[in-house]
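Okay, structure first, notes after.
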There are 8 protein chains.
Amino acid sequence: MADTLDLGYAKLDLDRRRRCGMPEVIFAEGKRTEWLLESVEKMHTAGEDVFATRLNAEQTAALVQHFPQGTSNNLARSFWWPQPAERILIGNLAIVTAGTSDLPVAHEALATATAFGVNAAIIADVGVAGLHRILAKRAEINTADVVIVVAGMDGALPSVVGGLVDAPVIAVPTSIGYGASFGGVAALLTMLNSCSASVAVVNIDSGFKAAAVASRIIARIHTRH
Amino acid sequence: MADTLDLGYAKLDLDRRRRCGMPEVIFAEGKRTEWLLESVEKMHTAGEDVFATRLNAEQTAALVQHFPQGTSNNLARSFWWPQPAERILIGNLAIVTAGTSDLPVAHEALATATAFGVNAAIIADVGVAGLHRILAKRAEINTADVVIVVAGMDGALPSVVGGLVDAPVIAVPTSIGYGASFGGVAALLTMLNSCSASVAVVNIDSGFKAAAVASRIIARIHTRH
Amino acid sequence: MADTLDLGYAKLDLDRRRRCGMPEVIFAEGKRTEWLLESVEKMHTAGEDVFATRLNAEQTAALVQHFPQGTSNNLARSFWWPQPAERILIGNLAIVTAGTSDLPVAHEALATATAFGVNAAIIADVGVAGLHRILAKRAEINTADVVIVVAGMDGALPSVVGGLVDAPVIAVPTSIGYGASFGGVAALLTMLNSCSASVAVVNIDSGFKAAAVASRIIARIHTRH
Amino acid sequence: MADTLDLGYAKLDLDRRRRCGMPEVIFAEGKRTEWLLESVEKMHTAGEDVFATRLNAEQTAALVQHFPQGTSNNLARSFWWPQPAERILIGNLAIVTAGTSDLPVAHEALATATAFGVNAAIIADVGVAGLHRILAKRAEINTADVVIVVAGMDGALPSVVGGLVDAPVIAVPTSIGYGASFGGVAALLTMLNSCSASVAVVNIDSGFKAAAVASRIIARIHTRH
Amino acid sequence: MADTLDLGYAKLDLDRRRRCGMPEVIFAEGKRTEWLLESVEKMHTAGEDVFATRLNAEQTAALVQHFPQGTSNNLARSFWWPQPAERILIGNLAIVTAGTSDLPVAHEALATATAFGVNAAIIADVGVAGLHRILAKRAEINTADVVIVVAGMDGALPSVVGGLVDAPVIAVPTSIGYGASFGGVAALLTMLNSCSASVAVVNIDSGFKAAAVASRIIARIHTRH
Amino acid sequence: MADTLDLGYAKLDLDRRRRCGMPEVIFAEGKRTEWLLESVEKMHTAGEDVFATRLNAEQTAALVQHFPQGTSNNLARSFWWPQPAERILIGNLAIVTAGTSDLPVAHEALATATAFGVNAAIIADVGVAGLHRILAKRAEINTADVVIVVAGMDGALPSVVGGLVDAPVIAVPTSIGYGASFGGVAALLTMLNSCSASVAVVNIDSGFKAAAVASRIIARIHTRH
Amino acid sequence: MADTLDLGYAKLDLDRRRRCGMPEVIFAEGKRTEWLLESVEKMHTAGEDVFATRLNAEQTAALVQHFPQGTSNNLARSFWWPQPAERILIGNLAIVTAGTSDLPVAHEALATATAFGVNAAIIADVGVAGLHRILAKRAEINTADVVIVVAGMDGALPSVVGGLVDAPVIAVPTSIGYGASFGGVAALLTMLNSCSASVAVVNIDSGFKAAAVASRIIARIHTRH
Amino acid sequence: MADTLDLGYAKLDLDRRRRCGMPEVIFAEGKRTEWLLESVEKMHTAGEDVFATRLNAEQTAALVQHFPQGTSNNLARSFWWPQPAERILIGNLAIVTAGTSDLPVAHEALATATAFGVNAAIIADVGVAGLHRILAKRAEINTADVVIVVAGMDGALPSVVGGLVDAPVIAVPTSIGYGASFGGVAALLTMLNSCSASVAVVNIDSGFKAAAVASRIIARIHTRH
């Protein structure tokens, strides 16, 4: 079957870009290094851009050694090895974080958006305990096609952003916090219950998913009309 | 202050349409009927379209009696009393449900989209236990700007839809189910953990929020360029 | 023993005002109406101010019928029958709510503060989805000795208030919300994880406790020095 | 007592094969290595096939060193030392996984089925985000006596499989995922709430139990008639 | 499309018997009575056996009035209206309950098994607090093709049954209990963690699912060979 | 079998007094009234003392009407119909409650102890917010063979009692409270984590179980030596 | 104050034996080694028997080195350094475990009972999956004053033991298990919901508390009369 | 903008002391060491007192090496580098702990109070299992402006303290405990449900927040009048 590459332990979905507008991404968690290496090589050979996320240190080291043409991103814990081709990034994605400790998740979103062909930038550390910081960025944020808001602890920032701008808001809870933050559950519940109507939510720490959703929206905005 | 209407028990946000692109909506749950009636009247007098959600039977009866110009929607449990004006609905929103019991939530989304000026339609009862039903609707769904997928029980439908189309997917878990569905928590967790990358999630039973997010996206698509 | 009034089913603590600065309050939930009536009468006869909370409709009706000298408060679900004496309220307690539906809890706090001799006022419906509402009240709130912030849904308001003023903040989560608000758990977790350092929290819907804590603080401020 | 072998710290159940159709299996988690070694030796001496699961690296090393006649399976984390005898495997068990990271659990199921005398094979990485993969395997799966479906993250695959075939489905949630997957709870709830009627569920990551249940069913199918 | 009957609010799956070996069953919870009535009528007209579960009193009354040819089962809360045809029940399904209060769930299983063409019988009230009761039924239970064990409270009975017989065991937790039984969660967890290897589990109170799984197994046993 | 009375829907355990020292008790929750009545009659006819718990209003009315020789206890929600015989109560059981609202659970314990032949008395409303109340009862409590401590809300009383006396303490959490008491879970966790070593715990609201455990202990104390 | 030894970081309770019948025990978890050593030395010097629990490897090594007169118990993770005196153990405590992996908790109970002057013995690995093992020990168990039952996974053993004997049963859930055992929560809930009336429960893995409760009961039995 | 220092990965809030009465504190968890070092240096250069919390060993070592003028506090896991200036501590804060293992959290509170200019002292190990210890400290505690009570396990101490004194009580649950303490959740729930009215609660292990709230209150008491 031409749309699947069967490696035994994996069936790479070579048809996903056609169906869904973006290629399959390799989720590295729980995968043996030898499986990861072969998957990367086979996807590249099949003419796909290769993007891998949730890499641990051992996996990253192996990828860098075997595929020096690719680029490893330590903050984002991702690996990016595109086909050689001219790439034009489209749209305008704002990635906003409540605190400094939320930055790794924001960088996973940034790396994912880039891999999916979207233009993005991070605005860091504008949490609600010092409102003047987010108010100063209000106009800038509202020029974006979509806003990703990354926050741990109380997860309150998306509610405030959702009430300040008219862009759609994708909220990412992070596992930053302690005690009753329960690894991001507190922030997740805050965001699901946001008093701002226009906040949709993705999984805890999933900068990847936020960027994937945002990229689909931006593709709709910039390629439809 | 011109952008707020202070009723003592409430401060109506008359500036929200300017800031966020959509007017304030009245969430009726937990509100006294006399407060609800006065809020509706004052918003209408202030020149706003009035849209109220989560109405119980007593509240609905009072609204219908006092404001016969408005329209009550029993399935959606909403009330809609727009200003007299010509209204053109924009875009194309698909609202898909896994089962028949998910329809009230889908109708809340439909009523909300209409109130926010968006064109929407429901495709009902295409859950994954009979895949041919959703496969038959694949092309139709993919013409939409955004897809809302409403599902209770196992909440598996958004994962399947997300892998079939390239439209952005907003998933709404419903409280339909029994036993270990825990009032929609099972479906919520399924959707947050969707193996399809492009699924964002809103609160349990919140057809309203799904439509609000979708409407912002559709406004970006159809009014930006 | 002079400091306890033993009714068999209850031991009224007549010494509490001396030890803790405020008299025992009758928690009505789960109490038989005949027990409630006798407790109220015995406390009054013992020279105490009588304050009862969490009354249901049947209990309220019985209290109003038997003790017409007392005052029932329907929004707060409380009953207040003080000894005849001149009462001077001290201090300045601000009770802020995120939404209109949070008002019953705010009124329980107001009634409790009054019973404990504290001057209080409610500022309603200034949630974070429309920030200009709370910003307009900032100066007023900061003149208070203590601020109680009452919020359901995302529970984000205390984090914002804590970053705007230098008064101590007591946050009360409410059970207002739906879906994944889990009867106030979402707002409770938000508040416990507030990114503002100066937010302490009480039980869900407990306007009573927030006011009790605030009253002790205000007593320290106004009677110590 | 002839049906129990009392080692003090353990009472090996030598009667289980007669009662339940399959011998006792040694669950290694939390057991001291010296206890494990003695149990293995005593079971072998008593004429039983020895099968041990949930081995850590230290336990595996000790078993391999002391009992070189046995076979260690690293992916399955199991050890298998049967009595010398001709073994004929019966039936046809399909073990299907949603992703590559679910393979260790699938291999535990495969090793268990083999130990219990059942013929089994793995079909890997056919999750619902790329439906064509499972649709291509539909006929093959439906020839099985029983289907075990192993899935983490959203756990949606058993619902789809249950609607495609008429074989009984045993679903195994895995702890693969992150954030709100809660170590497999999300997948577990999805499976318990499956909209497909014919899905039964075992404990998270328990390839062992799924195979034990499937083996009993297959014994009923192939030895009854 | 010939395999689906589209009613707008529902798409009846007329192909399910061919694919899955059993017809679609109507889950009545959350459905409007007029939808239920039309669905029943259309399925009957299409030549299907009609079986509906989770009926409330109003729905039951409407069904009995409109379709007097059908049979309502109050303990099971189900409705059964088969096509006129000779029906031969196959196999031997034992449905065992821990207590008397678990009987409604057992009767849902019995009614479902009958609708799916399987021969079944209930053995009631043999919980582990009086072991002699289950020991007296051991031989009888072991003649069954499959055993369904229904238990609330501590949910301990499936572990004991699983160790006494060699039939496959499908466990159904019930919501019977109080306090920390949490609506059946305690029994559900017990069963998922059963120390007997051959116990698979279905959703809380789902006699329906247990019987559906058992029926597929029994079809495999009695029609394959 | 002489030790079981088989009613079809129930198997009454007539051997339990011999095995366990106390007769079977009828748990009424979820039982049909006609089953309850027949069970009571058959147990009485078989020469057993009849004790039923967790009765609702309809069940109680039916029992009182059919068996006027028995005694209904409204606070305890129990029914007691002993065989005519002289009864000597043994031992000394103290049942202590934190608040007045905990009394129904204390009365269930008292009724159960009496049915099991144990002498018991209630000491009510001595919670830790007014320590002088429990300190005044310290000597009295320490004369008891066993102390049952019943508490809702924070569930703190057993920890204090366990540190004041040398009697064994059985703690019963009650569902009294609101907000984050979660129907008694808060008190249950407090008691399980008691800093006093000698506190054992039973299910939420289970005055019955606390008394059953205490009765077995008292039987050991007073009949062994 | 003579009944407390104030070390600044700790206040050793020298009066506990008089009040509660057993001396203070040192809970080592979270304590600095230097604090632990000084506490042990000061308690010994004050004439107390020293018993410490929950020791980690570093703490154990330090204790053994500084106080070679004491005895370390590796399975129980405890340390015991009694005053030189003749000690007579009283009573008869049976400690029963479901599996071999539950033995460390059973040994903590055994060590605690010994320190509190009670005679105890362990009966290991008699879980319900092989009922003949516990049935063979029934008479022996019933001669005990109290039975402690230690079980992980499904936690079903106490329900069975409670129905077989007339001794009081103290159940200890253990954290043995995987997946949905949630670190012992599954077994804890099973035990709290036991269908046997006479089962009281202590904290997960708390062999210490079970033995403390049992010791108080045994003191009542053997020293009262 | 003069009130914010933008470092790219962080926006230091230099205006917080003016708004909230206390400077921004650096929360070190999840921050890269190079970010931490630059933030400390820039805050110091901007004329702020620098206080950092939740430091791990690597971060502490780096801070001590680069800024030898600052002071590291190992028990509190904090770092304190004030501007050179005369500092007068105001007020009287009592920090009470239930056990010795709660001391690190108490020391975090002490270090925070000092950094915020408040006079504080610790009273350790006065838990409720030995009531005489807290009773002996009652008068001393009641002279405090505010009482912080730190407790793990059952979390019962704040309820007792709240009933003994008239000072406001801030309760801090700690993660000390095991089994069903769930990392401090048990103590947190106890405190939220305290039967003493005047107990407010902060996040698990958050000595920092308790001291921040207490410092605001003490500033109100000592600088207002």
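Naming works like this for the structure tokens: A, B, ... for the chains as they're shown, residue 1 at the start of each chain, ligands 1 onward in shown order.
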Residues at most 6 Å from Pro104 in chain A, counting only C-alpha atoms, excluding those fewer than 2 positions away in the same chain, as a PDB file with N, CA and C atoms, in the first residue's frame?
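Saved result, out_4.pdb, follows:
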ATOM      1  N   LEU A  75      15.733  23.244  23.992  1.00  0.00           N
ATOM      2  CA  LEU A  75      14.638  23.777  24.819  1.00  0.00           C
ATOM      3  C   LEU A  75      13.322  23.088  24.446  1.00  0.00           C
ATOM      4  N   ALA A  76      13.114  22.896  23.160  1.00  0.00           N
ATOM      5  CA  ALA A  76      11.863  22.298  22.685  1.00  0.00           C
ATOM      6  C   ALA A  76      11.892  20.775  22.745  1.00  0.00           C
ATOM      7  N   ASP A 102       7.537  28.481  31.820  1.00  0.00           N
ATOM      8  CA  ASP A 102       6.682  27.922  30.770  1.00  0.00           C
ATOM      9  C   ASP A 102       7.376  27.919  29.410  1.00  0.00           C
ATOM     10  N   ALA A 106       6.517  26.641  25.249  1.00  0.00           N
ATOM     11  CA  ALA A 106       6.375  27.640  24.184  1.00  0.00           C
ATOM     12  C   ALA A 106       7.334  27.346  23.036  1.00  0.00           C
ATOM     13  N   HIS A 107       8.543  26.893  23.377  1.00  0.00           N
ATOM     14  CA  HIS A 107       9.499  26.586  22.312  1.00  0.00           C
ATOM     15  C   HIS A 107       9.085  25.330  21.540  1.00  0.00           C
TER      16      HIS A 107
END
Original post:
Can you list, as number ranges by chain, every protein, DNA or RNA residue that comes within 9 Å of Val25 in chain B when you count only C-alpha atoms, leaving out same-chain residues fewer than 2 positions away?
Top reply: B: 22-23, 27, 50-53
Subject >> Residue list (strand (DSSP E or B), DSSP) for range 125-189 of chain F, as a PyMOL selection string >> reply: chain F and resi 146-151+169-173
Subject >> Straight-line distance linking CA of Ala219 in chain E with CA of Ala144 in chain D, stated in Å to one decimal >> reply: 13.1 Å
Can you tell me which residues surround range 77-79 of chain E at a distance of at most 9 Å, considering only C-alpha atoms, apart from same-chain residues fewer than 4 positions away, and format the answer as a short mmCIF file (atom, residue, chain, number, x, y, z; two decimals) with N, CA, C and O atoms, in the first residue's frame?
data_model
loop_
_atom_site.label_atom_id
_atom_site.label_comp_id
_atom_site.auth_asym_id
_atom_site.auth_seq_id
_atom_site.Cartn_x
_atom_site.Cartn_y
_atom_site.Cartn_z
N VAL E 50 -35.94 -5.35 17.56
CA VAL E 50 -35.74 -4.10 18.29
C VAL E 50 -35.46 -4.40 19.77
O VAL E 50 -36.25 -5.09 20.42
N PHE E 51 -34.36 -3.88 20.26
CA PHE E 51 -34.05 -4.02 21.68
C PHE E 51 -33.58 -2.65 22.18
O PHE E 51 -32.67 -2.06 21.61
N ALA E 52 -34.26 -2.15 23.24
CA ALA E 52 -33.91 -0.84 23.79
C ALA E 52 -33.57 -0.99 25.28
O ALA E 52 -34.22 -1.76 25.99
N THR E 53 -32.54 -0.23 25.74
CA THR E 53 -32.11 -0.32 27.14
C THR E 53 -32.13 1.06 27.80
O THR E 53 -32.29 2.07 27.15
N ARG E 54 -31.93 1.07 29.12
CA ARG E 54 -31.84 2.30 29.92
C ARG E 54 -33.07 3.20 29.75
O ARG E 54 -32.97 4.40 29.56
N LEU E 55 -34.25 2.57 29.79
CA LEU E 55 -35.49 3.31 29.65
C LEU E 55 -35.90 3.92 30.99
O LEU E 55 -35.79 3.26 32.03
N ASN E 56 -36.40 5.14 30.95
CA ASN E 56 -37.02 5.68 32.16
C ASN E 56 -38.53 5.37 32.11
O ASN E 56 -39.03 4.81 31.13
N ALA E 57 -39.23 5.72 33.16
CA ALA E 57 -40.64 5.33 33.28
C ALA E 57 -41.48 5.91 32.16
O ALA E 57 -42.34 5.22 31.59
N THR E 60 -40.77 4.04 28.89
CA THR E 60 -41.37 2.70 28.93
C THR E 60 -42.87 2.77 28.66
O THR E 60 -43.42 2.00 27.85
N LEU E 63 -43.59 3.36 25.00
CA LEU E 63 -43.31 2.18 24.17
C LEU E 63 -44.41 1.14 24.31
O LEU E 63 -44.89 0.57 23.32
N VAL E 64 -44.80 0.87 25.54
CA VAL E 64 -45.83 -0.14 25.80
C VAL E 64 -47.15 0.26 25.14
O VAL E 64 -47.86 -0.58 24.58
N GLY E 70 -44.58 -5.61 21.66
CA GLY E 70 -43.29 -5.74 22.34
C GLY E 70 -43.46 -6.05 23.81
O GLY E 70 -44.57 -6.01 24.36
N THR E 71 -42.34 -6.37 24.48
CA THR E 71 -42.36 -6.74 25.89
C THR E 71 -41.46 -5.81 26.69
O THR E 71 -40.28 -5.64 26.35
N SER E 72 -42.01 -5.25 27.74
CA SER E 72 -41.22 -4.39 28.62
C SER E 72 -40.75 -5.18 29.83
O SER E 72 -41.48 -6.01 30.37
N ASN E 73 -39.50 -4.95 30.25
CA ASN E 73 -38.92 -5.67 31.39
C ASN E 73 -38.54 -4.64 32.44
O ASN E 73 -37.55 -3.91 32.27
N PRO E 104 -30.95 -5.88 39.45
CA PRO E 104 -31.35 -5.16 38.22
C PRO E 104 -30.28 -5.22 37.13
O PRO E 104 -30.60 -5.40 35.95
N HIS E 107 -30.35 -8.60 35.59
CA HIS E 107 -31.49 -8.77 34.68
C HIS E 107 -31.28 -8.04 33.36
O HIS E 107 -31.76 -8.48 32.32
N GLU E 108 -30.56 -6.90 33.37
CA GLU E 108 -30.22 -6.25 32.10
C GLU E 108 -29.34 -7.19 31.27
O GLU E 108 -29.51 -7.31 30.06
N ALA E 111 -31.64 -10.05 29.88
CA ALA E 111 -32.48 -9.60 28.77
C ALA E 111 -31.64 -9.39 27.51
O ALA E 111 -32.07 -9.71 26.39
N THR E 112 -30.46 -8.86 27.67
CA THR E 112 -29.57 -8.63 26.52
C THR E 112 -29.14 -9.95 25.89
O THR E 112 -29.17 -10.12 24.66
#
**OP:** At a cut-off of 6 Å, list the chain A residues touching chain B, using only C-alpha atoms, as JSON, numbers by chain.
**Re:** {"A": [19, 20, 21, 165, 166, 168, 192, 197, 198, 200, 201, 202, 203, 209, 212, 213, 216, 217, 221]}
Using the selection just defined, write its residues with N, CA, C and O atoms as an mmCIF file, in the first residue's frame.
data_model
loop_
_atom_site.group_PDB
_atom_site.id
_atom_site.type_symbol
_atom_site.label_atom_id
_atom_site.label_comp_id
_atom_site.auth_asym_id
_atom_site.auth_seq_id
_atom_site.Cartn_x
_atom_site.Cartn_y
_atom_site.Cartn_z
ATOM 1 N N ARG A 19 -4.213 14.213 3.354
ATOM 2 C CA ARG A 19 -5.482 14.207 4.078
ATOM 3 C C ARG A 19 -5.611 15.400 5.025
ATOM 4 O O ARG A 19 -6.647 16.037 5.109
ATOM 5 N N CYS A 20 -4.558 15.671 5.796
ATOM 6 C CA CYS A 20 -4.673 16.582 6.937
ATOM 7 C C CYS A 20 -3.879 17.873 6.776
ATOM 8 O O CYS A 20 -3.907 18.729 7.664
ATOM 9 N N GLY A 21 -3.136 18.001 5.691
ATOM 10 C CA GLY A 21 -2.428 19.249 5.458
ATOM 11 C C GLY A 21 -1.090 19.362 6.141
ATOM 12 O O GLY A 21 -0.408 20.369 6.014
ATOM 13 N N VAL A 165 -8.514 40.629 23.413
ATOM 14 C CA VAL A 165 -8.294 40.631 21.967
ATOM 15 C C VAL A 165 -9.425 39.896 21.263
ATOM 16 O O VAL A 165 -10.255 39.244 21.893
ATOM 17 N N ASP A 166 -9.465 40.009 19.920
ATOM 18 C CA ASP A 166 -10.495 39.278 19.175
ATOM 19 C C ASP A 166 -9.907 38.116 18.372
ATOM 20 O O ASP A 166 -10.621 37.478 17.596
ATOM 21 N N PRO A 168 -8.593 34.226 17.977
ATOM 22 C CA PRO A 168 -8.887 32.967 18.680
ATOM 23 C C PRO A 168 -7.726 32.599 19.595
ATOM 24 O O PRO A 168 -6.570 32.833 19.247
ATOM 25 N N LEU A 192 -10.270 25.211 30.982
ATOM 26 C CA LEU A 192 -11.528 24.635 30.504
ATOM 27 C C LEU A 192 -12.717 25.443 31.007
ATOM 28 O O LEU A 192 -13.765 25.499 30.364
ATOM 29 N N ALA A 197 -15.135 33.420 26.542
ATOM 30 C CA ALA A 197 -15.806 32.404 25.732
ATOM 31 C C ALA A 197 -14.892 31.775 24.697
ATOM 32 O O ALA A 197 -15.082 30.630 24.306
ATOM 33 N N SER A 198 -13.878 32.485 24.262
ATOM 34 C CA SER A 198 -13.179 32.036 23.063
ATOM 35 C C SER A 198 -11.864 31.334 23.345
ATOM 36 O O SER A 198 -10.888 31.531 22.636
ATOM 37 N N ALA A 200 -10.020 27.706 23.631
ATOM 38 C CA ALA A 200 -9.999 26.255 23.481
ATOM 39 C C ALA A 200 -8.703 25.750 24.094
ATOM 40 O O ALA A 200 -7.729 26.499 24.206
ATOM 41 N N VAL A 201 -8.671 24.485 24.481
ATOM 42 C CA VAL A 201 -7.601 23.981 25.326
ATOM 43 C C VAL A 201 -6.996 22.729 24.706
ATOM 44 O O VAL A 201 -7.694 21.957 24.050
ATOM 45 N N VAL A 202 -5.694 22.527 24.907
ATOM 46 C CA VAL A 202 -5.058 21.271 24.510
ATOM 47 C C VAL A 202 -4.431 20.622 25.744
ATOM 48 O O VAL A 202 -4.489 21.168 26.843
ATOM 49 N N ASN A 203 -3.838 19.475 25.557
ATOM 50 C CA ASN A 203 -3.308 18.689 26.670
ATOM 51 C C ASN A 203 -2.191 19.437 27.426
ATOM 52 O O ASN A 203 -1.524 20.310 26.867
ATOM 53 N N LYS A 209 0.594 20.296 20.177
ATOM 54 C CA LYS A 209 -0.795 20.290 19.705
ATOM 55 C C LYS A 209 -1.325 21.697 19.491
ATOM 56 O O LYS A 209 -2.073 21.944 18.543
ATOM 57 N N ALA A 212 -0.163 22.717 16.233
ATOM 58 C CA ALA A 212 -0.801 21.978 15.150
ATOM 59 C C ALA A 212 -2.193 22.549 14.863
ATOM 60 O O ALA A 212 -2.577 22.760 13.712
ATOM 61 N N VAL A 213 -2.961 22.797 15.912
ATOM 62 C CA VAL A 213 -4.287 23.394 15.725
ATOM 63 C C VAL A 213 -4.153 24.778 15.106
ATOM 64 O O VAL A 213 -4.852 25.120 14.140
ATOM 65 N N ARG A 216 -3.353 24.660 11.381
ATOM 66 C CA ARG A 216 -4.511 24.361 10.530
ATOM 67 C C ARG A 216 -5.372 25.604 10.343
ATOM 68 O O ARG A 216 -5.863 25.876 9.251
ATOM 69 N N ILE A 217 -5.570 26.348 11.428
ATOM 70 C CA ILE A 217 -6.391 27.563 11.317
ATOM 71 C C ILE A 217 -5.724 28.553 10.366
ATOM 72 O O ILE A 217 -6.371 29.135 9.487
ATOM 73 N N ILE A 221 -6.890 30.406 6.914
ATOM 74 C CA ILE A 221 -6.957 31.863 6.729
ATOM 75 C C ILE A 221 -6.190 32.283 5.482
ATOM 76 O O ILE A 221 -6.683 33.085 4.682
#
Original post:
Hey, what does DSSP flag as alpha helix (DSSP H) within range 2-173 of chain F? Can you give it to me as a VMD selection string?
Top reply: chain F and resid 16 to 20 33 to 45 57 to 66 103 to 115 131 to 135 138 to 142 157 to 164
Subject >> Close residues, range 95-98 of chain B itself excluded, 8 Å, only C-alpha atoms, min 5 positions apart in chain, as number ranges by chain >> reply: B: 103, 106, 109-110, 120-128, 147-152, 157
Output the selection as a compact mmCIF listing (two decimals), in the first residue's frame - N, CA, C and O atoms for each residue.
# COMPACT_ATOMS: atom_id res chain seq x y z
N LEU B 103 -27.33 15.71 20.79
CA LEU B 103 -27.92 16.79 20.00
C LEU B 103 -28.18 18.09 20.77
O LEU B 103 -27.98 19.17 20.22
N ALA B 106 -25.14 20.10 20.53
CA ALA B 106 -24.94 20.56 19.16
C ALA B 106 -25.87 21.74 18.84
O ALA B 106 -25.48 22.69 18.17
N ALA B 109 -24.54 24.90 20.21
CA ALA B 109 -23.50 25.43 19.32
C ALA B 109 -24.11 26.11 18.11
O ALA B 109 -23.68 27.19 17.70
N LEU B 110 -25.14 25.49 17.54
CA LEU B 110 -25.79 26.06 16.36
C LEU B 110 -26.41 27.41 16.68
O LEU B 110 -26.25 28.40 15.94
N ALA B 120 -24.03 27.71 10.00
CA ALA B 120 -23.65 26.40 10.54
C ALA B 120 -24.70 25.35 10.23
O ALA B 120 -25.87 25.67 9.99
N ALA B 121 -24.29 24.07 10.24
CA ALA B 121 -25.22 22.97 10.04
C ALA B 121 -24.77 21.77 10.85
O ALA B 121 -23.58 21.58 11.09
N ILE B 122 -25.75 20.94 11.26
CA ILE B 122 -25.49 19.78 12.11
C ILE B 122 -25.50 18.50 11.27
O ILE B 122 -26.38 18.30 10.44
N ILE B 123 -24.52 17.64 11.50
CA ILE B 123 -24.48 16.28 10.94
C ILE B 123 -24.54 15.35 12.15
O ILE B 123 -23.58 15.25 12.91
N ALA B 124 -25.66 14.64 12.33
CA ALA B 124 -25.90 13.93 13.58
C ALA B 124 -25.61 12.43 13.49
O ALA B 124 -25.77 11.82 12.43
N ASP B 125 -25.19 11.86 14.64
CA ASP B 125 -25.19 10.41 14.85
C ASP B 125 -24.25 9.66 13.90
O ASP B 125 -24.65 8.70 13.24
N VAL B 126 -23.00 10.07 13.85
CA VAL B 126 -22.03 9.41 12.99
C VAL B 126 -20.85 8.86 13.81
O VAL B 126 -19.69 8.95 13.41
N GLY B 127 -21.16 8.29 14.98
CA GLY B 127 -20.14 7.78 15.89
C GLY B 127 -19.32 6.64 15.32
O GLY B 127 -19.70 6.01 14.33
N VAL B 128 -18.18 6.32 15.97
CA VAL B 128 -17.19 5.41 15.39
C VAL B 128 -17.59 3.95 15.42
O VAL B 128 -16.94 3.12 14.77
N VAL B 147 -14.58 22.50 12.06
CA VAL B 147 -15.49 21.40 12.43
C VAL B 147 -15.59 21.34 13.94
O VAL B 147 -14.56 21.27 14.63
N ILE B 148 -16.80 21.36 14.45
CA ILE B 148 -17.04 21.08 15.87
C ILE B 148 -17.49 19.63 15.97
O ILE B 148 -18.41 19.23 15.25
N VAL B 149 -16.85 18.85 16.82
CA VAL B 149 -17.24 17.45 17.00
C VAL B 149 -17.74 17.27 18.43
O VAL B 149 -17.00 17.53 19.39
N VAL B 150 -18.98 16.83 18.57
CA VAL B 150 -19.65 16.69 19.86
C VAL B 150 -19.80 15.20 20.16
O VAL B 150 -20.41 14.48 19.37
N ALA B 151 -19.25 14.74 21.30
CA ALA B 151 -19.34 13.31 21.60
C ALA B 151 -19.30 13.05 23.10
O ALA B 151 -18.56 13.70 23.83
N GLY B 152 -20.11 12.08 23.54
CA GLY B 152 -20.08 11.64 24.94
C GLY B 152 -19.42 10.27 25.00
O GLY B 152 -18.57 9.94 24.20
N LEU B 157 -14.78 10.13 18.57
CA LEU B 157 -15.02 10.66 17.24
C LEU B 157 -14.05 11.76 16.80
O LEU B 157 -13.59 11.76 15.65
